[in-house]
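Asks: This is upload-v7.cif (mmCIF, C-alpha atoms).
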data_input
#
loop_
_atom_site.label_atom_id
_atom_site.label_comp_id
_atom_site.auth_asym_id
_atom_site.auth_seq_id
_atom_site.Cartn_x
_atom_site.Cartn_y
_atom_site.Cartn_z
CA MET B 1 78.70 82.08 131.32
CA SER B 2 80.02 85.08 129.40
CA VAL B 3 82.10 87.61 131.31
CA LYS B 4 83.50 90.34 129.14
CA ASN B 5 87.02 91.31 130.13
CA GLU B 6 87.71 94.91 129.14
CA ASN B 7 91.44 94.44 129.80
CA ILE B 8 91.93 91.73 127.16
CA THR B 9 94.05 93.18 124.38
CA ARG B 10 92.94 92.39 120.89
CA VAL B 11 93.85 89.35 118.82
CA GLY B 12 94.43 89.68 115.09
CA GLY B 13 94.14 87.16 112.31
CA GLN B 14 93.38 86.33 108.72
CA ALA B 15 91.81 83.59 106.64
CA VAL B 16 94.12 81.27 104.70
CA ILE B 17 93.49 78.33 102.37
CA GLU B 18 91.14 76.00 104.29
CA GLY B 19 92.04 77.61 107.57
CA VAL B 20 92.76 80.60 109.77
CA MET B 21 95.83 82.33 111.15
CA MET B 22 95.63 84.01 114.58
CA ARG B 23 98.21 86.23 116.21
CA CYS B 24 98.54 87.14 119.88
CA GLY B 25 101.63 89.08 120.91
CA SER B 26 104.67 87.13 119.76
CA THR B 27 102.67 83.98 118.98
CA ILE B 28 101.37 83.21 115.50
CA ALA B 29 99.20 80.11 115.14
CA THR B 30 97.83 78.82 111.86
CA ALA B 31 95.35 75.94 111.63
CA VAL B 32 94.05 74.29 108.46
CA ARG B 33 91.58 71.51 107.75
CA ARG B 34 93.15 68.58 105.90
CA LYS B 35 91.15 66.53 103.40
CA SER B 36 91.25 63.69 105.93
CA GLY B 37 89.22 65.89 108.28
CA GLU B 38 92.08 66.38 110.73
CA ILE B 39 93.25 69.83 111.79
CA GLU B 40 96.93 70.58 111.27
CA ALA B 41 98.46 73.54 113.06
CA LYS B 42 101.70 75.47 113.08
CA VAL B 43 102.72 77.72 115.98
CA GLU B 44 105.57 80.22 115.71
CA LYS B 45 107.11 82.80 118.00
CA ILE B 46 108.29 86.15 116.70
CA VAL B 47 109.33 89.46 118.22
CA PRO B 48 107.09 92.20 116.75
CA TRP B 49 109.15 94.86 115.01
CA ALA B 50 107.43 97.63 116.95
CA LYS B 51 108.58 96.02 120.23
CA ARG B 52 112.27 95.87 119.36
CA ASN B 53 112.81 99.57 120.06
CA PHE B 54 110.63 102.12 121.82
CA LEU B 55 111.01 104.48 118.87
CA LEU B 56 109.46 101.88 116.59
CA ASP B 57 106.42 101.73 118.88
CA LEU B 58 105.57 105.40 118.43
CA PRO B 59 102.20 106.24 116.84
CA ILE B 60 102.12 106.11 113.03
CA ILE B 61 105.56 104.46 112.89
CA ARG B 62 104.19 101.34 114.59
CA GLY B 63 101.28 101.25 112.15
CA ALA B 64 103.52 101.35 109.09
CA LEU B 65 105.77 98.65 110.54
CA ASN B 66 102.78 96.55 111.58
CA LEU B 67 101.38 96.66 108.05
CA ILE B 68 104.68 95.56 106.48
CA GLU B 69 105.17 92.86 109.11
CA MET B 70 101.66 91.48 108.77
CA LEU B 71 101.97 91.40 104.98
CA SER B 72 105.13 89.34 105.40
CA VAL B 73 103.55 87.05 108.00
CA GLY B 74 100.36 86.78 105.94
CA MET B 75 102.23 85.72 102.81
CA ALA B 76 104.25 83.15 104.76
CA THR B 77 101.16 81.58 106.37
CA LEU B 78 99.26 81.63 103.08
CA ASN B 79 102.21 79.87 101.46
CA TRP B 80 102.18 77.21 104.22
CA SER B 81 98.46 76.61 103.82
CA ALA B 82 98.91 76.30 100.05
CA ASP B 83 101.60 73.66 100.61
CA ILE B 84 99.21 71.66 102.80
CA ALA B 85 96.48 71.91 100.16
CA MET B 86 98.88 70.75 97.42
CA GLN B 87 100.04 67.86 99.58
CA ASP B 88 96.45 66.73 100.13
CA ASP B 89 95.72 67.04 96.42
CA ALA B 90 98.83 65.02 95.52
CA GLU B 91 98.01 62.31 98.05
CA SER B 92 94.44 62.05 96.77
CA ARG B 93 95.88 61.34 93.31
CA GLY B 94 98.37 58.84 94.65
CA VAL B 95 101.36 61.10 94.02
CA THR B 96 104.12 60.89 96.61
CA ASP B 97 106.59 63.30 95.00
CA TYR B 98 105.29 66.80 94.49
CA LYS B 99 106.78 70.26 94.34
CA LYS B 100 105.92 72.71 97.07
CA SER B 101 103.99 75.75 95.96
CA LYS B 102 105.89 78.94 95.25
CA THR B 103 103.41 81.70 95.90
CA TRP B 104 106.02 84.44 96.35
CA PRO B 105 106.39 85.15 92.59
CA THR B 106 102.61 85.22 92.25
CA MET B 107 102.26 87.54 95.23
CA LEU B 108 105.00 89.81 93.89
CA LEU B 109 103.20 90.01 90.56
CA SER B 110 99.93 90.67 92.40
CA PHE B 111 101.63 93.46 94.35
CA VAL B 112 102.85 95.11 91.13
CA ILE B 113 99.40 94.82 89.55
CA GLY B 114 97.84 96.16 92.76
CA VAL B 115 100.12 99.21 92.74
CA GLY B 116 99.18 99.84 89.13
CA LEU B 117 95.44 99.49 89.77
CA PHE B 118 95.12 101.24 93.12
CA VAL B 119 97.89 103.86 92.96
CA PHE B 120 98.78 104.74 89.37
CA LEU B 121 95.45 104.23 87.56
CA PRO B 122 93.42 106.52 89.91
CA LEU B 123 96.04 109.25 89.46
CA PHE B 124 96.00 108.80 85.69
CA ILE B 125 92.20 109.03 85.54
CA ALA B 126 92.17 112.11 87.79
CA ARG B 127 94.71 113.70 85.44
CA LEU B 128 92.30 113.22 82.52
CA PHE B 129 89.95 115.66 84.26
CA GLY B 130 92.66 118.36 84.15
CA LEU B 131 92.73 118.79 87.93
CA GLU B 132 96.50 118.71 88.48
CA ARG B 133 96.51 122.21 90.00
CA GLU B 134 93.56 121.51 92.32
CA ALA B 135 95.13 119.25 94.97
CA PHE B 136 91.92 118.43 96.83
CA LEU B 137 89.72 117.87 93.77
CA PHE B 138 92.46 115.86 92.09
CA ASN B 139 92.76 113.51 95.05
CA LEU B 140 89.00 113.42 95.58
CA VAL B 141 88.59 112.03 92.06
CA ALA B 142 91.56 109.68 92.52
CA GLY B 143 90.20 108.45 95.86
CA THR B 144 86.73 107.88 94.40
CA VAL B 145 88.20 105.93 91.49
CA ARG B 146 90.35 103.91 93.89
CA MET B 147 87.31 102.97 95.96
CA ALA B 148 85.29 102.07 92.86
CA ILE B 149 88.09 99.80 91.59
CA PHE B 150 88.34 98.12 94.98
CA MET B 151 84.59 97.50 95.18
CA VAL B 152 84.45 96.05 91.65
CA TYR B 153 87.45 93.84 92.45
CA LEU B 154 85.98 92.63 95.75
CA ILE B 155 82.56 91.86 94.27
CA SER B 156 84.11 90.13 91.25
CA ILE B 157 86.32 87.72 93.21
CA SER B 158 83.49 86.95 95.65
CA PHE B 159 81.89 84.76 92.96
CA LEU B 160 84.93 82.46 92.71
CA PRO B 161 84.36 79.14 94.56
CA ASP B 162 87.75 79.17 96.32
CA VAL B 163 87.29 82.79 97.40
CA LYS B 164 83.81 81.98 98.71
CA ARG B 165 85.36 79.39 101.03
CA LEU B 166 88.07 81.89 102.03
CA PHE B 167 85.40 84.44 102.94
CA LYS B 168 83.65 81.81 105.08
CA TYR B 169 86.88 81.21 107.00
CA HIS B 170 87.13 85.00 107.28
CA GLY B 171 83.74 84.95 108.98
CA ALA B 172 84.87 82.10 111.25
CA GLU B 173 87.89 84.16 112.28
CA HIS B 174 85.70 87.09 113.28
CA LYS B 175 83.21 84.97 115.19
CA SER B 176 86.00 83.29 117.17
CA ILE B 177 87.62 86.62 118.05
CA PHE B 178 84.27 88.01 119.18
CA ALA B 179 83.80 85.04 121.51
CA PHE B 180 87.29 85.56 122.92
CA GLU B 181 86.81 89.31 123.43
CA ASN B 182 83.48 88.79 125.18
CA GLY B 183 84.86 86.25 127.64
CA ASP B 184 82.90 83.27 126.32
CA ALA B 185 84.10 79.71 126.56
CA LEU B 186 85.78 79.07 123.23
CA SER B 187 83.28 76.64 121.75
CA VAL B 188 81.77 76.38 118.30
CA GLU B 189 78.30 76.97 119.71
CA ASN B 190 79.32 80.18 121.47
CA ALA B 191 81.26 81.54 118.51
CA GLN B 192 78.44 80.88 116.04
CA ARG B 193 76.19 83.25 118.00
CA TYR B 194 78.21 86.25 116.79
CA LEU B 195 78.14 88.19 113.54
CA THR B 196 80.83 87.86 110.91
CA PHE B 197 81.43 91.65 110.85
CA HIS B 198 84.26 92.99 113.02
CA PRO B 199 85.21 96.69 113.42
CA ARG B 200 88.97 96.03 113.22
CA CYS B 201 88.81 93.96 110.04
CA GLY B 202 91.32 94.57 107.27
CA THR B 203 88.42 95.38 104.94
CA SER B 204 87.52 98.30 107.22
CA PHE B 205 91.19 99.33 107.21
CA LEU B 206 91.22 99.50 103.40
CA LEU B 207 88.11 101.67 103.44
CA ILE B 208 89.71 104.03 105.97
CA VAL B 209 92.81 104.21 103.77
CA ALA B 210 90.69 105.17 100.76
CA VAL B 211 88.96 107.99 102.66
CA VAL B 212 91.94 109.34 104.60
CA SER B 213 94.14 109.24 101.47
CA ILE B 214 92.05 111.98 99.87
CA LEU B 215 92.90 114.60 102.48
CA PHE B 216 96.38 113.18 103.17
CA PHE B 217 97.56 113.38 99.56
CA ALA B 218 95.81 116.72 99.01
CA VAL B 219 97.92 118.22 101.81
CA ALA B 220 101.05 116.35 100.66
CA ASP B 221 100.64 117.51 97.05
CA SER B 222 100.23 121.14 98.13
CA ILE B 223 103.34 120.99 100.33
CA ILE B 224 105.45 119.24 97.69
CA ALA B 225 104.35 121.62 94.93
CA GLY B 226 105.32 124.53 97.16
CA LEU B 227 108.73 123.01 97.89
CA LEU B 228 109.43 122.13 94.26
CA GLY B 229 108.01 125.34 92.81
CA PHE B 230 106.02 123.45 90.16
CA ILE B 231 103.21 120.90 89.83
CA PRO B 232 104.71 117.39 89.52
CA GLY B 233 103.83 115.40 86.42
CA ILE B 234 101.86 112.18 86.62
CA PHE B 235 104.87 109.85 86.94
CA LEU B 236 106.67 111.98 89.54
CA ARG B 237 103.44 112.37 91.48
CA PHE B 238 102.96 108.59 91.31
CA LEU B 239 106.45 107.97 92.75
CA ILE B 240 105.90 110.55 95.51
CA HIS B 241 102.54 109.03 96.46
CA LEU B 242 104.00 105.53 96.39
CA ALA B 243 106.79 106.62 98.76
CA LEU B 244 104.23 108.19 101.12
CA TRP B 245 101.98 105.11 101.34
CA PRO B 246 103.76 103.63 104.41
CA LEU B 247 103.20 106.92 106.24
CA LEU B 248 99.54 106.91 105.17
CA ALA B 249 99.18 103.31 106.36
CA GLY B 250 100.60 104.24 109.77
CA LEU B 251 98.16 107.13 110.09
CA CYS B 252 95.21 104.95 109.06
CA TYR B 253 96.29 102.29 111.57
CA GLU B 254 95.87 104.84 114.37
CA VAL B 255 92.52 105.98 112.95
CA LEU B 256 91.29 102.37 112.86
CA LYS B 257 92.37 101.74 116.47
CA ILE B 258 90.67 104.90 117.71
CA SER B 259 87.46 104.40 115.73
CA ALA B 260 87.16 100.75 116.80
CA ALA B 261 87.76 101.63 120.46
CA LEU B 262 85.25 104.49 120.40
CA SER B 263 82.60 102.40 118.63
CA GLU B 264 82.80 99.81 121.39
CA ARG B 265 82.31 102.43 124.11
CA TYR B 266 79.99 104.98 122.55
CA ARG B 267 76.97 104.46 120.33
CA TRP B 268 77.46 107.81 118.59
CA ALA B 269 80.88 106.67 117.32
CA ARG B 270 79.57 103.58 115.55
CA PHE B 271 78.95 105.54 112.36
CA ALA B 272 82.75 105.63 111.90
CA VAL B 273 82.99 101.84 111.48
CA TRP B 274 79.59 101.30 109.83
CA PRO B 275 80.84 101.64 106.21
CA GLY B 276 83.57 99.07 106.88
CA LEU B 277 81.09 96.69 108.47
CA LEU B 278 78.84 97.12 105.43
CA MET B 279 81.69 96.14 103.11
CA GLN B 280 82.26 93.01 105.16
CA ARG B 281 78.92 91.76 103.86
CA ILE B 282 80.99 91.01 100.76
CA SER B 283 84.29 89.87 102.30
CA THR B 284 82.82 87.59 104.98
CA SER B 285 80.22 84.80 104.89
CA GLU B 286 78.53 82.57 107.42
CA PRO B 287 80.92 79.69 108.17
CA SER B 288 80.07 76.06 108.85
CA ASP B 289 80.71 74.58 112.29
CA ASP B 290 83.83 72.76 111.10
CA MET B 291 85.28 76.05 109.83
CA VAL B 292 84.66 77.71 113.19
CA GLU B 293 86.30 74.73 114.86
CA VAL B 294 89.47 75.38 112.82
CA ALA B 295 89.41 79.09 113.72
CA LEU B 296 89.01 78.28 117.41
CA PHE B 297 91.87 75.77 117.22
CA ALA B 298 94.14 78.51 115.85
CA LEU B 299 92.89 81.01 118.45
CA LYS B 300 93.47 78.64 121.39
CA SER B 301 96.94 77.86 120.08
CA ALA B 302 97.73 81.58 119.83
CA VAL B 303 96.48 82.60 123.28
CA GLY B 304 97.96 79.62 125.08
CA GLY B 305 95.19 77.14 125.71
CA GLU B 306 91.55 76.76 126.56
CA GLY B 307 91.32 79.77 128.86
CA ILE B 308 90.25 83.27 128.02
CA ILE B 309 93.22 85.14 129.45
CA PRO B 310 96.34 84.66 127.29
CA LYS B 311 99.67 83.68 128.84
CA GLU B 312 101.21 86.92 127.62
CA PRO B 313 99.67 90.28 126.70
CA CYS B 314 98.41 90.33 123.13
CA ASP B 315 99.32 93.46 121.26
CA VAL B 316 97.95 93.03 117.79
CA ASN B 317 95.55 95.25 115.87
CA ARG B 318 94.66 94.79 112.23
#
Go through the file and emit its structure as structure tokens.
Replies:
Amino acid sequence: MSVKNENITRVGGQAVIEGVMMRCGSTIATAVRRKSGEIEAKVEKIVPWAKRNFLLDLPIIRGALNLIEMLSVGMATLNWSADIAMQDDAESRGVTDYKKSKTWPTMLLSFVIGVGLFVFLPLFIARLFGLEREAFLFNLVAGTVRMAIFMVYLISISFLPDVKRLFKYHGAEHKSIFAFENGDALSVENAQRYLTFHPRCGTSFLLIVAVVSILFFAVADSIIAGLLGFIPGIFLRFLIHLALWPLLAGLCYEVLKISAALSERYRWARFAVWPGLLMQRISTSEPSDDMVEVALFALKSAVGGEGIIPKEPCDVNR
């Protein structure tokens, strides 16, 4: 029997290599499927940065900190899942001595490339239109270019076999969280009844960032130009925008929380999350039962067992 509990605070998570990471409060649980068919899990306890001081839990500040923290946690869990995958691969080839994967350099390089593609390049292209003095139009063009780059990137990687499997685990994560939030018994059968699209998904967050950034940077550019007394050049504007991204992320975090909450309560508010749900048709896929089983294993480990109510309040939003 399904009994939706409106007081259950949300659980967050992400797909990793052959598995899923779930987070509930201070508990982070990651489960992966080994080549042997067994599920291996790792459970950690952390103190969320936003909970270490009441000032850090203020709106916008908590969102910026949450983003940085989840990027750190996400990279660590992805690195762990990569190590498991490499171990399985080595064992299948009869190799007993293998080097653990070092994904940090790759992720750092990816971060630099991402900054170039999603921050600098849109500004550079907007500059080619000669709109430096028109703050809103300049950022409208930059925001449109940023969204176009993101869509092309997302569609392109969706054809890669490994990414296809990652997107299936992404769908398994969402289905499991839906079952949890609706008070269902955490079984594969129950979870498979749900869609793979979730209103608090990181894909929706990125879309919100792209839209909000247009107005945010238009206002910021106008204020900064007034303070400086001149229109910043492309490189100075790039550095200013880069420095303001944590603040933008914190603002978008609050927008995502509000829009997701309203969409669950009011039908008229669902238009706010609809574009993000549409994009998840690319970033999520229907998972197999064994993938959902892995996601549920991680979820149960994060919330403290088979029950629906976690042992401690979860306070995680994507």
Asks: Expand the PyMOL selection byres ((chain B and resi 49) around 12) into the explicit residue set it covers here, and present it as an mmCIF file with C-alpha atoms, in the frame of the given file.
Replies:
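What ended up in expr.cif:
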data_model
loop_
_atom_site.group_PDB
_atom_site.id
_atom_site.type_symbol
_atom_site.label_atom_id
_atom_site.label_comp_id
_atom_site.auth_asym_id
_atom_site.auth_seq_id
_atom_site.Cartn_x
_atom_site.Cartn_y
_atom_site.Cartn_z
ATOM 1 C CA GLY B 25 101.630 89.080 120.910
ATOM 2 C CA SER B 26 104.670 87.130 119.760
ATOM 3 C CA ILE B 46 108.290 86.150 116.700
ATOM 4 C CA VAL B 47 109.330 89.460 118.220
ATOM 5 C CA PRO B 48 107.090 92.200 116.750
ATOM 6 C CA ALA B 50 107.430 97.630 116.950
ATOM 7 C CA LYS B 51 108.580 96.020 120.230
ATOM 8 C CA ARG B 52 112.270 95.870 119.360
ATOM 9 C CA ASN B 53 112.810 99.570 120.060
ATOM 10 C CA PHE B 54 110.630 102.120 121.820
ATOM 11 C CA LEU B 55 111.010 104.480 118.870
ATOM 12 C CA LEU B 56 109.460 101.880 116.590
ATOM 13 C CA ASP B 57 106.420 101.730 118.880
ATOM 14 C CA LEU B 58 105.570 105.400 118.430
ATOM 15 C CA ILE B 61 105.560 104.460 112.890
ATOM 16 C CA ARG B 62 104.190 101.340 114.590
ATOM 17 C CA GLY B 63 101.280 101.250 112.150
ATOM 18 C CA ALA B 64 103.520 101.350 109.090
ATOM 19 C CA LEU B 65 105.770 98.650 110.540
ATOM 20 C CA ASN B 66 102.780 96.550 111.580
ATOM 21 C CA LEU B 67 101.380 96.660 108.050
ATOM 22 C CA ILE B 68 104.680 95.560 106.480
ATOM 23 C CA GLU B 69 105.170 92.860 109.110
ATOM 24 C CA MET B 70 101.660 91.480 108.770
ATOM 25 C CA SER B 72 105.130 89.340 105.400
ATOM 26 C CA VAL B 73 103.550 87.050 108.000
ATOM 27 C CA ASP B 315 99.320 93.460 121.260
ATOM 28 C CA VAL B 316 97.950 93.030 117.790
#
Asks: Mind giving me the straight-line distance from CA of Asp221 (chain B) to CA of Leu207 (chain B) in Å, one decimal?
Replies: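 Computing it gives 21.2 Å between the two atoms.
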Asks: Identify all residues satisfying the PyMOL selection byres ((chain B and resi 118) around 12) in the given file; provide them as a ChimeraX atom specification.
Replies: /B:110-117,119-125,142-153,206,209-210,213,238,241-242,245
Asks: I need the residues from that last selection saved to file as a short mmCIF file (atom, residue, chain, number, x, y, z; two decimals), in the coordinates of the input (with C-alpha atoms), if you can.
Replies:
data_model
loop_
_atom_site.label_atom_id
_atom_site.label_comp_id
_atom_site.auth_asym_id
_atom_site.auth_seq_id
_atom_site.Cartn_x
_atom_site.Cartn_y
_atom_site.Cartn_z
CA SER B 110 99.93 90.67 92.40
CA PHE B 111 101.63 93.46 94.35
CA VAL B 112 102.85 95.11 91.13
CA ILE B 113 99.40 94.82 89.55
CA GLY B 114 97.84 96.16 92.76
CA VAL B 115 100.12 99.21 92.74
CA GLY B 116 99.18 99.84 89.13
CA LEU B 117 95.44 99.49 89.77
CA VAL B 119 97.89 103.86 92.96
CA PHE B 120 98.78 104.74 89.37
CA LEU B 121 95.45 104.23 87.56
CA PRO B 122 93.42 106.52 89.91
CA LEU B 123 96.04 109.25 89.46
CA PHE B 124 96.00 108.80 85.69
CA ILE B 125 92.20 109.03 85.54
CA ALA B 142 91.56 109.68 92.52
CA GLY B 143 90.20 108.45 95.86
CA THR B 144 86.73 107.88 94.40
CA VAL B 145 88.20 105.93 91.49
CA ARG B 146 90.35 103.91 93.89
CA MET B 147 87.31 102.97 95.96
CA ALA B 148 85.29 102.07 92.86
CA ILE B 149 88.09 99.80 91.59
CA PHE B 150 88.34 98.12 94.98
CA MET B 151 84.59 97.50 95.18
CA VAL B 152 84.45 96.05 91.65
CA TYR B 153 87.45 93.84 92.45
CA LEU B 206 91.22 99.50 103.40
CA VAL B 209 92.81 104.21 103.77
CA ALA B 210 90.69 105.17 100.76
CA SER B 213 94.14 109.24 101.47
CA PHE B 238 102.96 108.59 91.31
CA HIS B 241 102.54 109.03 96.46
CA LEU B 242 104.00 105.53 96.39
CA TRP B 245 101.98 105.11 101.34
#
Asks: Which residues, named as in the file, does the PyMOL selection byres ((chain B and resi 29) around 10) pick out? Answer as JSON, numbers by chain.
Replies: {"B": [13, 20, 21, 22, 23, 24, 27, 28, 30, 31, 41, 42, 43, 44, 45, 77, 295, 297, 298, 299, 300, 301, 302, 303]}
Asks: Store the residues picked out above in a file with C-alpha atoms, as a PDB file, in the coordinates of the input.
Replies:
ATOM      1  CA  GLY B  13      94.140  87.160 112.310  1.00  0.00           C
ATOM      2  CA  VAL B  20      92.760  80.600 109.770  1.00  0.00           C
ATOM      3  CA  MET B  21      95.830  82.330 111.150  1.00  0.00           C
ATOM      4  CA  MET B  22      95.630  84.010 114.580  1.00  0.00           C
ATOM      5  CA  ARG B  23      98.210  86.230 116.210  1.00  0.00           C
ATOM      6  CA  CYS B  24      98.540  87.140 119.880  1.00  0.00           C
ATOM      7  CA  THR B  27     102.670  83.980 118.980  1.00  0.00           C
ATOM      8  CA  ILE B  28     101.370  83.210 115.500  1.00  0.00           C
ATOM      9  CA  THR B  30      97.830  78.820 111.860  1.00  0.00           C
ATOM     10  CA  ALA B  31      95.350  75.940 111.630  1.00  0.00           C
ATOM     11  CA  ALA B  41      98.460  73.540 113.060  1.00  0.00           C
ATOM     12  CA  LYS B  42     101.700  75.470 113.080  1.00  0.00           C
ATOM     13  CA  VAL B  43     102.720  77.720 115.980  1.00  0.00           C
ATOM     14  CA  GLU B  44     105.570  80.220 115.710  1.00  0.00           C
ATOM     15  CA  LYS B  45     107.110  82.800 118.000  1.00  0.00           C
ATOM     16  CA  THR B  77     101.160  81.580 106.370  1.00  0.00           C
ATOM     17  CA  ALA B 295      89.410  79.090 113.720  1.00  0.00           C
ATOM     18  CA  PHE B 297      91.870  75.770 117.220  1.00  0.00           C
ATOM     19  CA  ALA B 298      94.140  78.510 115.850  1.00  0.00           C
ATOM     20  CA  LEU B 299      92.890  81.010 118.450  1.00  0.00           C
ATOM     21  CA  LYS B 300      93.470  78.640 121.390  1.00  0.00           C
ATOM     22  CA  SER B 301      96.940  77.860 120.080  1.00  0.00           C
ATOM     23  CA  ALA B 302      97.730  81.580 119.830  1.00  0.00           C
ATOM     24  CA  VAL B 303      96.480  82.600 123.280  1.00  0.00           C
TER      25      VAL B 303
END
Asks: Residues within 7 Å of region 253-255 of chain B, please, as JSON, numbers by chain. Count all atoms listed in the file; anything in the same chain fewer than 3 positions from it doesn't count.
Replies: {"B": [59, 60, 63, 249, 250, 258, 259]}
Asks: Those same residues - C-alpha atoms - I'd like them written as a PDB file, in the coordinates of the input.
Replies:
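So the final result, stored in part_31.pdb, reads:
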ATOM      1  CA  PRO B  59     102.200 106.240 116.840  1.00  0.00           C
ATOM      2  CA  ILE B  60     102.120 106.110 113.030  1.00  0.00           C
ATOM      3  CA  GLY B  63     101.280 101.250 112.150  1.00  0.00           C
ATOM      4  CA  ALA B 249      99.180 103.310 106.360  1.00  0.00           C
ATOM      5  CA  GLY B 250     100.600 104.240 109.770  1.00  0.00           C
ATOM      6  CA  ILE B 258      90.670 104.900 117.710  1.00  0.00           C
ATOM      7  CA  SER B 259      87.460 104.400 115.730  1.00  0.00           C
TER       8      SER B 259
END
Asks: Enter the distance from CA of Ile234 (chain B) to CA of Phe136 (chain B), in Å, rounded to one decimal.
Replies: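 CA of Phe136 (chain B) lies at a distance of 15.6 Å from CA of Ile234 (chain B).
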Asks: What is the distance between CA of Leu108 (chain B) and CA of Leu251 (chain B), in Å to one decimal?
Replies: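 These two atoms are separated by 24.7 Å.
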Asks: Quick one: contact table of region 191-300 of chain B to region 167-177 of chain B, 7 Å max, nearest atom pair and distance in Å to one decimal per residue, counting all atoms listed in the file, chain and number order, as a Markdown table?
Replies:
| residue | atom | partner | partner_atom | distance |
| --- | --- | --- | --- | --- |
| B:Ala191 | CA | B:Lys175 | CA | 5.2 |
| B:Gln192 | CA | B:Lys175 | CA | 6.3 |
| B:Tyr194 | CA | B:Lys175 | CA | 5.4 |
| B:Leu195 | CA | B:Lys175 | CA | 6.2 |
| B:Thr196 | CA | B:Gly171 | CA | 4.5 |
| B:Phe197 | CA | B:His174 | CA | 6.7 |
| B:His198 | CA | B:His174 | CA | 6.1 |
| B:Ser283 | CA | B:Phe167 | CA | 5.6 |
| B:Thr284 | CA | B:Phe167 | CA | 4.6 |
| B:Ser285 | CA | B:Lys168 | CA | 4.6 |
| B:Glu286 | CA | B:Lys168 | CA | 5.7 |
| B:Pro287 | CA | B:Lys168 | CA | 4.6 |
| B:Met291 | CA | B:Tyr169 | CA | 6.1 |
| B:Val292 | CA | B:Ala172 | CA | 4.8 |
| B:Ala295 | CA | B:Glu173 | CA | 5.5 |
| B:Leu296 | CA | B:Ser176 | CA | 5.8 |
Asks: Edge lengths and centre in Å to one decimal, as AutoDock Vina command-line options, is what I'm after for the box along x, y and z that holds all listed atoms of region 287-293 of chain B once 8 Å is added on each side.
Replies:
--center_x 83.2 --center_y 76.2 --center_z 111.5 --size_x 22.2 --size_y 22.9 --size_z 22.7
Asks: Can you pull out every residue within 12 Å of Glu38 (chain B), counting all atoms listed in the file, but drop anything in the same chain fewer than 2 positions away, and send it as a list in words?
Replies: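 Those residues are Glu18, Gly19, Ala31, Val32, Arg33, Arg34, Lys35, Ser36, Glu40, Ala41, Ile84, Asp88, Asp290, Met291, Glu293, Val294 and Phe297 of chain B.
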Asks: Which residue is closest to Ser204 (chain B)? Choose from B:Arg281, B:Arg267, B:Lys164, B:Arg133 and count only C-alpha atoms.
Replies: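 Of B:Arg281, B:Arg267, B:Lys164, B:Arg133, the one nearest Ser204 (chain B), counting only C-alpha atoms, is B:Arg281.
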Asks: Calculated over only C-alpha atoms, which of the candidates B:Leu256, B:Ala15, B:Ile214, B:Ala220 has the smallest distance to Gly74 (chain B)?
Replies: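 So, comparing all the options, the nearest one is B:Ala15.
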